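**Q** Just query-v5.csv, nothing more (CSV, C-alpha atoms):
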```
chain,number,residue,atom,x,y,z
J,1,MET,CA,120.5,96.3,83.2
J,2,LEU,CA,122.3,97.7,86.3
J,3,LEU,CA,119.8,99.0,88.8
J,4,THR,CA,120.0,102.4,90.3
J,5,PRO,CA,120.0,102.7,94.1
J,6,GLU,CA,116.3,103.7,94.0
J,7,GLU,CA,115.4,100.7,91.9
J,8,GLY,CA,117.3,98.3,94.1
J,9,GLN,CA,115.6,99.8,97.1
J,10,ALA,CA,112.2,99.2,95.4
J,11,LEU,CA,113.2,95.6,94.8
J,12,LEU,CA,114.2,94.9,98.4
J,13,LEU,CA,111.2,96.7,99.7
J,14,SER,CA,108.9,94.6,97.4
J,15,LEU,CA,110.4,91.4,98.7
J,16,ARG,CA,110.1,92.5,102.3
J,17,ILE,CA,106.5,93.6,101.9
J,18,ALA,CA,105.5,90.5,100.0
J,19,GLY,CA,107.3,88.3,102.6
J,20,TRP,CA,105.4,89.9,105.5
J,21,ALA,CA,102.1,89.8,103.6
J,22,THR,CA,102.6,86.1,102.9
J,23,PHE,CA,103.7,85.2,106.4
J,24,TRP,CA,100.7,86.8,108.1
J,25,GLY,CA,98.3,85.9,105.3
J,26,MET,CA,99.2,82.2,105.5
J,27,ILE,CA,98.6,82.1,109.3
J,28,ALA,CA,95.2,83.6,108.7
J,29,ALA,CA,94.5,81.5,105.7
J,30,THR,CA,95.4,78.3,107.5
J,31,ALA,CA,93.1,79.2,110.5
J,32,PHE,CA,90.2,80.1,108.3
J,33,ALA,CA,90.7,77.1,105.9
J,34,TRP,CA,90.6,74.8,108.9
J,35,LEU,CA,87.5,76.4,110.1
J,36,LEU,CA,85.7,76.2,106.8
J,37,ALA,CA,87.0,72.7,105.9
J,38,ARG,CA,86.4,71.0,109.3
J,39,HIS,CA,83.4,72.8,110.9
J,40,ARG,CA,79.8,73.5,110.0
J,41,PHE,CA,78.1,76.5,111.7
J,42,PRO,CA,75.4,79.1,111.0
J,43,GLY,CA,76.7,81.8,108.6
J,44,ARG,CA,79.5,79.6,107.2
J,45,VAL,CA,78.4,80.4,103.6
J,46,LEU,CA,78.4,84.2,104.3
J,47,LEU,CA,81.8,84.0,106.0
J,48,ASP,CA,83.2,82.1,103.0
J,49,ALA,CA,81.8,84.7,100.6
J,50,LEU,CA,83.3,87.6,102.6
J,51,LEU,CA,86.7,85.9,102.8
J,52,HIS,CA,86.8,85.5,99.0
J,53,ALA,CA,85.4,89.0,98.3
J,54,PRO,CA,88.9,90.4,97.4
J,55,LEU,CA,89.0,88.1,94.4
J,56,ILE,CA,86.2,90.0,92.7
J,57,LEU,CA,86.5,93.5,94.2
J,58,PRO,CA,88.7,96.0,92.3
J,59,PRO,CA,92.0,96.4,94.1
J,60,VAL,CA,91.3,100.1,94.5
J,61,VAL,CA,88.2,99.3,96.4
J,62,ILE,CA,90.2,97.0,98.7
J,63,GLY,CA,92.6,99.9,99.4
J,64,PHE,CA,89.8,102.3,100.0
J,65,VAL,CA,88.1,100.0,102.5
J,66,LEU,CA,91.3,99.5,104.3
J,67,LEU,CA,91.8,103.3,104.4
J,68,MET,CA,88.3,103.7,105.9
J,69,LEU,CA,89.0,101.1,108.5
J,70,PHE,CA,92.7,101.4,109.3
J,71,GLY,CA,93.3,105.1,108.3
J,72,ALA,CA,94.1,107.8,110.9
J,73,GLN,CA,90.3,108.5,111.1
J,74,GLY,CA,89.1,104.9,110.8
J,75,PRO,CA,87.8,103.1,113.8
J,76,ILE,CA,90.5,100.4,113.9
J,77,GLY,CA,93.2,102.9,112.9
J,78,GLN,CA,92.3,105.3,115.7
J,79,TRP,CA,92.2,102.5,118.2
J,80,LEU,CA,95.6,101.1,117.1
J,81,ASN,CA,97.2,104.5,117.2
J,82,ALA,CA,95.7,105.5,120.6
J,83,THR,CA,96.4,102.1,122.3
J,84,TRP,CA,99.6,100.9,120.7
J,85,GLY,CA,100.9,103.9,118.8
J,86,VAL,CA,100.7,101.9,115.6
J,87,ARG,CA,100.0,103.7,112.3
J,88,LEU,CA,99.3,101.6,109.2
J,89,ALA,CA,98.2,104.0,106.4
J,90,PHE,CA,101.0,105.2,104.2
J,91,THR,CA,103.6,102.9,105.8
J,92,PRO,CA,105.4,99.7,104.8
J,93,ALA,CA,103.3,97.8,107.2
J,94,GLY,CA,100.2,99.2,105.6
J,95,ALA,CA,101.6,98.1,102.2
J,96,ALA,CA,102.0,94.6,103.5
J,97,LEU,CA,98.5,94.6,104.9
J,98,ALA,CA,97.0,95.8,101.5
J,99,ALA,CA,99.1,93.2,99.6
J,100,GLY,CA,98.2,90.5,102.0
J,101,VAL,CA,94.4,91.2,101.9
J,102,SER,CA,94.5,91.1,98.1
J,103,ALA,CA,96.4,87.8,98.0
J,104,PHE,CA,94.5,86.2,100.9
J,105,PRO,CA,91.7,84.5,99.0
J,106,LEU,CA,94.3,82.7,96.8
J,107,MET,CA,96.1,81.4,99.8
J,108,LEU,CA,92.9,80.4,101.5
J,109,ARG,CA,91.6,78.4,98.5
J,110,ALA,CA,94.9,76.5,98.2
J,111,VAL,CA,95.2,75.7,101.9
J,112,ARG,CA,91.5,74.8,102.2
J,113,GLN,CA,91.7,72.3,99.3
J,114,ALA,CA,94.8,70.7,100.8
J,115,ILE,CA,93.1,70.3,104.1
J,116,GLU,CA,89.9,68.9,102.6
J,117,ALA,CA,92.0,66.4,100.7
J,118,VAL,CA,93.2,64.8,103.9
J,119,ASP,CA,91.1,61.7,104.8
J,120,PRO,CA,89.0,62.6,107.9
J,121,ARG,CA,89.2,58.9,108.9
J,122,LEU,CA,92.8,59.4,109.8
J,123,GLU,CA,91.8,62.1,112.3
J,124,GLU,CA,89.1,59.8,113.7
J,125,ALA,CA,91.6,57.1,114.2
J,126,ALA,CA,94.0,59.4,116.0
J,127,ARG,CA,91.1,60.7,118.1
J,128,SER,CA,90.2,57.2,119.2
J,129,LEU,CA,93.8,56.8,120.4
J,130,GLY,CA,93.5,59.9,122.5
J,131,ALA,CA,95.0,62.6,120.3
J,132,GLY,CA,93.6,66.0,120.9
J,133,PRO,CA,92.7,68.6,118.2
J,134,TRP,CA,96.0,70.3,118.3
J,135,ASP,CA,97.9,67.0,118.1
J,136,ARG,CA,95.8,65.8,115.2
J,137,ALA,CA,96.4,69.1,113.3
J,138,VAL,CA,100.1,69.2,113.8
J,139,THR,CA,101.0,65.5,113.4
J,140,ILE,CA,98.4,64.4,110.7
J,141,VAL,CA,96.6,67.1,108.8
J,142,LEU,CA,99.3,69.8,108.3
J,143,PRO,CA,102.0,67.4,107.3
J,144,LEU,CA,99.7,65.7,104.7
J,145,ALA,CA,98.5,69.1,103.5
J,146,LEU,CA,102.1,70.5,103.3
J,147,PRO,CA,102.2,70.6,99.5
J,148,GLY,CA,99.0,72.6,99.4
J,149,LEU,CA,100.4,75.0,102.1
J,150,ILE,CA,103.5,75.5,100.1
J,151,ALA,CA,101.5,76.2,96.9
J,152,GLY,CA,99.4,78.7,98.8
J,153,GLY,CA,102.4,80.5,100.2
J,154,VAL,CA,104.1,80.7,96.8
J,155,ILE,CA,100.9,81.9,95.1
J,156,GLY,CA,100.3,84.4,97.8
J,157,PHE,CA,103.8,85.7,97.6
J,158,ALA,CA,103.6,86.2,93.8
J,159,ALA,CA,100.3,87.9,94.1
J,160,ALA,CA,101.5,90.2,96.9
J,161,LEU,CA,104.7,91.0,94.9
J,162,GLY,CA,102.6,92.2,92.0
J,163,GLU,CA,99.9,94.0,93.8
J,164,PHE,CA,99.4,97.6,92.7
J,165,GLY,CA,95.9,99.1,93.2
J,166,ALA,CA,95.3,98.3,96.9
J,167,VAL,CA,98.9,99.2,97.8
J,168,ILE,CA,98.9,102.6,96.1
J,169,THR,CA,95.5,103.5,97.5
J,170,PHE,CA,96.2,102.5,101.1
J,171,ALA,CA,99.9,103.0,101.4
J,172,ALA,CA,100.6,105.6,98.6
J,173,ASN,CA,103.7,105.6,96.4
J,174,ILE,CA,106.4,106.9,98.6
J,175,PRO,CA,110.0,106.1,97.4
J,176,GLY,CA,111.9,104.2,100.0
J,177,GLU,CA,108.9,103.7,102.1
J,178,THR,CA,106.0,102.1,100.2
J,179,GLN,CA,107.2,102.1,96.5
J,180,THR,CA,107.2,98.5,95.5
J,181,LEU,CA,108.3,97.3,92.0
J,182,PRO,CA,104.8,97.8,90.4
J,183,LEU,CA,104.7,101.3,91.8
J,184,ALA,CA,108.2,102.0,90.6
J,185,ILE,CA,107.3,100.8,87.1
J,186,TYR,CA,104.3,103.1,87.2
J,187,SER,CA,106.4,106.1,88.3
J,188,ALA,CA,109.0,105.4,85.7
J,189,LEU,CA,106.4,105.5,82.9
J,190,GLN,CA,105.2,108.9,84.1
J,191,VAL,CA,108.6,110.4,83.4
J,192,PRO,CA,109.7,111.3,79.9
J,193,GLY,CA,112.4,108.8,78.8
J,194,GLY,CA,111.6,106.5,81.7
J,195,GLU,CA,110.9,103.5,79.4
J,196,GLY,CA,114.4,102.1,80.0
J,197,ALA,CA,113.9,102.1,83.8
J,198,ALA,CA,110.4,100.6,83.3
J,199,LEU,CA,111.8,97.8,81.1
J,200,ARG,CA,114.6,97.0,83.7
J,201,LEU,CA,112.1,96.8,86.5
J,202,SER,CA,109.6,94.8,84.4
J,203,LEU,CA,112.3,92.2,83.6
J,204,LEU,CA,113.3,92.2,87.2
J,205,SER,CA,109.7,91.4,88.2
J,206,PHE,CA,109.5,88.7,85.6
J,207,ALA,CA,112.8,87.1,86.9
J,208,ALA,CA,111.5,87.3,90.5
J,209,ALA,CA,108.2,85.6,89.5
J,210,LEU,CA,110.0,82.9,87.6
J,211,GLY,CA,112.4,82.3,90.5
J,212,GLY,CA,109.5,82.0,92.8
J,213,LEU,CA,107.8,79.4,90.5
J,214,LEU,CA,111.0,77.4,90.3
J,215,LEU,CA,111.5,77.5,94.1
J,216,SER,CA,107.8,76.5,94.6
J,217,GLU,CA,108.3,73.4,92.4
J,218,LEU,CA,111.3,72.4,94.4
J,219,LEU,CA,109.5,72.9,97.7
J,220,LEU,CA,106.4,71.0,96.4
J,221,ARG,CA,108.5,68.0,95.4
J,222,HIS,CA,110.1,68.1,98.8
J,223,GLY,CA,106.7,68.3,100.5
J,224,ARG,CA,105.3,65.4,98.4
J,225,ARG,CA,108.3,63.3,99.4
J,226,ARG,CA,107.8,64.1,103.1
J,227,ALA,CA,104.0,63.4,102.8
J,228,GLY,CA,104.8,60.0,101.1
J,229,ARG,CA,103.3,60.9,97.7
```
Starting from the coordinates I provided, produce the structure as structure tokens.

**A**
Amino acid sequence: MLLTPEEGQALLLSLRIAGWATFWGMIAATAFAWLLARHRFPGRVLLDALLHAPLILPPVVIGFVLLMLFGAQGPIGQWLNATWGVRLAFTPAGAALAAGVSAFPLMLRAVRQAIEAVDPRLEEAARSLGAGPWDRAVTIVLPLALPGLIAGGVIGFAAALGEFGAVITFAANIPGETQTLPLAIYSALQVPGGEGAALRLSLLSFAAALGGLLLSELLLRHGRRRAGR
């Protein structure tokens, strides 16, 4: 069960990529969840459908779309490279982007449901006392929605940790650079006699997922206590 240096590197890289994917994904998910839960505007249904599209698209399609947009020849990729010297395709940052986009709808749904569960009358009362939009969000809505935010973050992290298709399509399978645990398992299965390494990595993935679930339960309990539930 001892990991080789390459397998340990894949584990650490997976955790780092999933962590960044969850961090940025939760920021975007919270912003869009607030927009969809608290505002009505033309095109809202279309925006909602587009944001949830990664749920039904094959992961390879997600990776291909990202490659067309953020690749070296893509419109956004060319602009990022020319303006900021940033390259995403076939990099760890690109792997985090692919994992984050795939996991984004799961985070969005959890956060949106949590925000919608907060009684709007509490915000109306705070508005009548002079609280601005930012004050109401920080002091009322987000604290009450904290358990849902925690759940969204944990679900997103688990999904990003296990993402395969989008990552390998957009970021490739480069050992030490973009080779996450799922990609390392796939590589091990392509080598004769690699079943042992694949088993070790699979058990490691299971342990990481189980640890995340246990941690999420502890965080959810803490969040409910803080929210007074």

**Q** What is the atom CA of J:Trp79-atom CA of J:Val65 distance in Å, reported with one decimal?

**A**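 Here the two named atoms are 16.4 Å from each other.
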
**Q** Need the shell around J:Val154: protein/DNA/RNA residues with any atom at most 9 Å away, counting all atoms listed in the file. Skip same-chain ones fewer than 5 positions apart. Format as a PyMOL selection string?

**A** chain J and resi 22+107+149+159+212-213+215-216

**Q** Distance atom CA of J:Ser202-atom CA of J:Trp20, one decimal place?

**A** 22.1 Å

**Q** Counting all atoms listed in the file, which residue out of J:Phe23, J:Phe41, J:Phe32, J:Tyr186 sits closest to J:Pro105?

**A**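 Going through J:Phe23, J:Phe41, J:Phe32, J:Tyr186 one by one, the smallest distance to J:Pro105 is for J:Phe32.
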
**Q** May I have the protein, DNA and RNA residues with an atom at most 9 Å from (98.9, 91.6, 96.9), counting all atoms listed in the file in the file's coordinates, returned as JSON, numbers by chain?

**A** {"J": [18, 21, 22, 59, 95, 96, 97, 98, 99, 100, 101, 102, 103, 104, 156, 157, 158, 159, 160, 161, 162, 163, 164, 165, 166, 167]}

**Q** In terms of the shortest atom-to-atom distance over all atoms listed in the file, which of J:Leu2, J:Val61, J:Leu108, J:Leu67 is closest to J:Leu36?

**A**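 Residue with the minimum atom-to-atom distance to J:Leu36: J:Leu108.
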
**Q** For the atom pair atom CA of J:Ile62 and atom CA of J:Leu11, what is the interatomic distance in Å to one decimal place?

**A** 23.4 Å

**Q** Would you list the residues near (91.7, 101.4, 110.8), meaning any protein, DNA or RNA residue with an atom at most 12 Å from that point in file coordinates, counting all atoms listed in the file, as number ranges by chain?

**A** J: 63-82, 86-89, 94, 97, 170

**Q** Could you pull the residues within 12 Å of J:Arg225, counting all atoms listed in the file, minus those fewer than 5 positions along the same chain, as a ChimeraX atom specification?

**A** /J:143-144,146-147,218-220

**Q** With all atoms listed in the file as the atoms that count, which of J:Ile174, J:Leu210, J:Ala131, J:Ala49 lies nearest to J:Ile155?

**A**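 With all atoms listed in the file as the atom set, the closest residue is J:Leu210.
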
**Q** When distances are computed from all atoms listed in the file, which of J:Leu122, J:Gly152, J:Glu6, J:Leu35 shows the smallest separation from J:Thr139?

**A**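 Checking each candidate against J:Thr139, we get J:Leu122 as the closest.
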
**Q** Measuring between all atoms listed in the file, which one of J:Leu181, J:Leu106, J:Glu195, J:Glu7 shows the shortest distance to J:Ala209?

**A**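 When distances to J:Ala209 are compared using all atoms listed in the file, the smallest one comes from J:Leu181.
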
**Q** I'd like to know which of J:Ala207, J:Leu46, J:Met26, J:Leu55 is closest to J:Ala110, using only C-alpha atoms.

**A**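 Using only C-alpha atoms, the shortest distance to J:Ala110 belongs to J:Met26.
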
**Q** Identify, on the basis of all atoms listed in the file, every residue whose closest approach to J:Val118 does not exceed 9 Å; exclude the query and any residue fewer than 2 positions from it along the same chain; express the result as a list in words.

**A** Gln113, Ala114, Ile115, Glu116, Pro120, Arg121, Leu122, Glu123, Ile140, Val141, Leu144 and Ala145 of chain J
